Structure formats: structure tokens, C-alpha cells
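I have placed the structure first, in the form of C-alpha cells, so that the comments after it can refer back to it.
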Amino acid sequence: MGLGSDMYRQQILDHYKNPRNYGELEDPTFSHVGENPMCGDEIRMDIRLADDGETIENVAFSGDGCAISQASASMLSTKLAGKTVDELLEMDRDDVIDMLGVDISPMRVKCAVLAEKVAQDGAEIYRGELDKEKTTTTED
Ligand code: ZN
């Protein structure tokens, strides 16, 4: 492990211990929940869009789970504000792993991508392109 990796590990622990945008929005445009049963992670994402119906204005998350899942949700919440829904939907697991900055074992990838999947599914449900009550990481 190099110094760079240590720095990213510190960042993950910091987001885990001091999560950004933790809580629930009073007036979300959409909110969605998901879980990673393999690890016991649960995430709720609240997203408010600007008046254009496209630009993400405000994000909050809440949940419970391992450091990777919660830190990933916290980091994602800080990255999404200002992005469009299309940009959110274009994100993939590599974007999340780049954001975390550490090597993630295949088992932990589900922890890492949970928040992203919840936000994306929420956006697709909002657009009427998807119909599900809850996102789970066991689907893929
Ligand atoms: Zn986990």
C-alpha cells in the first residue's frame, strides 16, 4: 500500500465518521431506498431537482452499513449537486471506484455501488422508466 492509498483510506474513514449531507430532504423531487443483503448495507437517497427538472440541486442520504457503503453514499452526495439526471444515469461502477480511490474486492463492489444504484433507480422511477419499490444489489 502506497501513501496515496493511505490517503484515500483516510478519506473513506472521514466520510464514514462525518458523513456529508446525512439526513432526509423536506421536499425531495424523488427518494429511493436500497439494500445490499450480502453485507447488510441500507441506503436511502433523497434528491431535489431544480425547476428545470434536470439539474440536481440538493442531495441527502441516510442509512446504515459498512464504511465503504456509507462513505460511498456520502462522497456521491457531494458529487451529484450540479450534475444533471442524465449525467447521474451515465455513471457506472468504475466512476464510483475512482471516487473511492482504493482497490475494492469483488465482494465489496456491491457495498461501493449501492448508493449510486439507489440514486439511479430513483431517477429512472421518477422518469417512469422503472418500477420497483427497492433496489437490491443481488440483481446483478
Ligand atoms: Zn457493505
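Each chain in the C-alpha cells gets a letter, A, B, ..., in the order shown, and its residues are numbered from 1; ligands are numbered from 1 in order too.
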Around ligand 1, at most 10 Å away and counting only C-alpha atoms and all ligand atoms, which residues are there? Put them as a ChimeraX atom specification, please. /A:35-42,64-70,107-114
Mind checking which residues fall within 9 Å of Tyr8 in chain A, counting only C-alpha atoms, ignoring those fewer than 6 positions away in the same chain, and posting them as a list of chain:residue names? A:Leu100, A:Gly101, A:Val102
Using DSSP on the backbone coordinates, identify the residues of range 14-114 of chain A assigned to helix (DSSP H, G or I); present them as JSON, numbers by chain. {"A": [14, 15, 16, 17, 67, 68, 69, 70, 71, 72, 73, 74, 75, 76, 77, 78, 79, 80, 85, 86, 87, 88, 89, 90, 93, 94, 95, 96, 97, 98, 99, 100, 106, 107, 108, 109, 110, 111, 112, 113, 114]}
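Among the candidates A:Asp6, A:Asp14, A:Glu24, A:Glu57, the residue lying nearest to Met45 in chain A is A:Glu24 (atoms considered: only C-alpha atoms).
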From the list A:Glu116, A:Asp94, A:Glu129, A:Asp121, the nearest residue to Phe61 in chain A using only C-alpha atoms is A:Glu116
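Closest approach to Leu76 in chain A among A:Ile47, A:Ala115, A:Ile97, A:Leu89: A:Ala115, based on only C-alpha atoms.
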Using only C-alpha atoms, determine which residues lie at most 12 Å from Glu90 in chain A, disregarding the query and same-chain residues fewer than 3 positions distant; provide the list as a PyMOL selection string. chain A and resi 83-87+93-96+116-117+119-120+123-124
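Non-sequential neighbours of Thr29 in chain A (distance at most 9 Å, separation of 6 or more positions within a chain, only C-alpha atoms) are Asp46, Ile47, Arg48, Leu49, Ala50, Gly53 and Tyr126 of chain A.
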CA of Ile43 in chain A and CA of Lys17 in chain A, how far apart in Å? 15.8 Å
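Interatomic distance, CA of Gly122 in chain A against CA of Thr136 in chain A: 12.4 Å.
Within range 6-140 of chain A, the backbone-based DSSP assignment of strand (DSSP E) covers Phe30, Ser31, His32, Val33, Gly34, Glu35, Asn36, Asp41, Glu42, Ile43, Arg44, Met45, Asp46, Ile47, Arg48, Leu49, Ile56, Glu57, Asn58, Val59, Ala60, Phe61, Ser62, Gly63, Asp64, Thr135 and Thr136 of chain A.
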Those same residues - N, CA and C atoms - I'd like them written as a short mmCIF file (atom, residue, chain, number, x, y, z; two decimals), in the first residue's frame.
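Heads up, here's the output in result.cif:
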data_model
loop_
_atom_site.label_atom_id
_atom_site.label_comp_id
_atom_site.auth_asym_id
_atom_site.auth_seq_id
_atom_site.Cartn_x
_atom_site.Cartn_y
_atom_site.Cartn_z
N PHE A 30 -37.51 13.24 -5.70
CA PHE A 30 -37.72 11.80 -5.58
C PHE A 30 -36.80 11.26 -4.49
N SER A 31 -37.21 10.16 -3.91
CA SER A 31 -36.34 9.47 -2.96
C SER A 31 -36.52 7.98 -3.18
N HIS A 32 -35.47 7.26 -2.86
CA HIS A 32 -35.50 5.83 -3.13
C HIS A 32 -34.61 5.12 -2.10
N VAL A 33 -34.91 3.86 -1.87
CA VAL A 33 -34.16 3.08 -0.90
C VAL A 33 -33.58 1.83 -1.56
N GLY A 34 -32.54 1.32 -0.95
CA GLY A 34 -31.95 0.10 -1.45
C GLY A 34 -31.13 -0.59 -0.39
N GLU A 35 -30.80 -1.84 -0.67
CA GLU A 35 -30.04 -2.61 0.31
C GLU A 35 -29.07 -3.54 -0.40
N ASN A 36 -28.03 -3.85 0.33
CA ASN A 36 -27.07 -4.85 -0.11
C ASN A 36 -27.09 -5.98 0.90
N ASP A 41 -25.99 -3.59 4.18
CA ASP A 41 -25.99 -2.15 3.96
C ASP A 41 -27.37 -1.68 3.51
N GLU A 42 -27.80 -0.55 4.04
CA GLU A 42 -29.06 0.07 3.62
C GLU A 42 -28.80 1.55 3.35
N ILE A 43 -29.38 2.03 2.25
CA ILE A 43 -29.19 3.43 1.86
C ILE A 43 -30.53 4.00 1.40
N ARG A 44 -30.82 5.20 1.83
CA ARG A 44 -31.92 5.98 1.26
C ARG A 44 -31.31 7.24 0.67
N MET A 45 -31.67 7.55 -0.57
CA MET A 45 -31.20 8.76 -1.22
C MET A 45 -32.39 9.67 -1.49
N ASP A 46 -32.28 10.93 -1.07
CA ASP A 46 -33.28 11.97 -1.38
C ASP A 46 -32.63 12.94 -2.35
N ILE A 47 -33.30 13.22 -3.45
CA ILE A 47 -32.75 14.14 -4.45
C ILE A 47 -33.79 15.18 -4.81
N ARG A 48 -33.37 16.42 -4.78
CA ARG A 48 -34.25 17.50 -5.24
C ARG A 48 -33.69 18.09 -6.52
N LEU A 49 -34.54 18.22 -7.52
CA LEU A 49 -34.13 18.79 -8.79
C LEU A 49 -34.50 20.27 -8.83
N ILE A 56 -29.62 18.47 -10.68
CA ILE A 56 -29.69 18.05 -9.29
C ILE A 56 -29.27 19.22 -8.41
N GLU A 57 -30.17 19.62 -7.52
CA GLU A 57 -29.96 20.81 -6.71
C GLU A 57 -29.50 20.45 -5.30
N ASN A 58 -30.08 19.39 -4.76
CA ASN A 58 -29.80 19.05 -3.38
C ASN A 58 -29.90 17.54 -3.20
N VAL A 59 -28.99 16.99 -2.40
CA VAL A 59 -28.95 15.55 -2.18
C VAL A 59 -28.79 15.29 -0.70
N ALA A 60 -29.51 14.33 -0.18
CA ALA A 60 -29.28 13.86 1.18
C ALA A 60 -29.35 12.34 1.17
N PHE A 61 -28.64 11.73 2.08
CA PHE A 61 -28.73 10.28 2.18
C PHE A 61 -28.86 9.91 3.64
N SER A 62 -29.42 8.74 3.88
CA SER A 62 -29.41 8.18 5.23
C SER A 62 -29.27 6.69 5.07
N GLY A 63 -28.91 6.04 6.13
CA GLY A 63 -28.75 4.61 6.04
C GLY A 63 -27.83 4.07 7.10
N ASP A 64 -27.47 2.84 6.89
CA ASP A 64 -26.70 2.13 7.88
C ASP A 64 -25.92 1.05 7.14
N THR A 135 -34.24 -1.12 -4.34
CA THR A 135 -33.09 -1.60 -5.10
C THR A 135 -32.33 -2.61 -4.26
N THR A 136 -31.96 -3.73 -4.86
CA THR A 136 -31.05 -4.62 -4.14
C THR A 136 -29.89 -4.98 -5.05
#
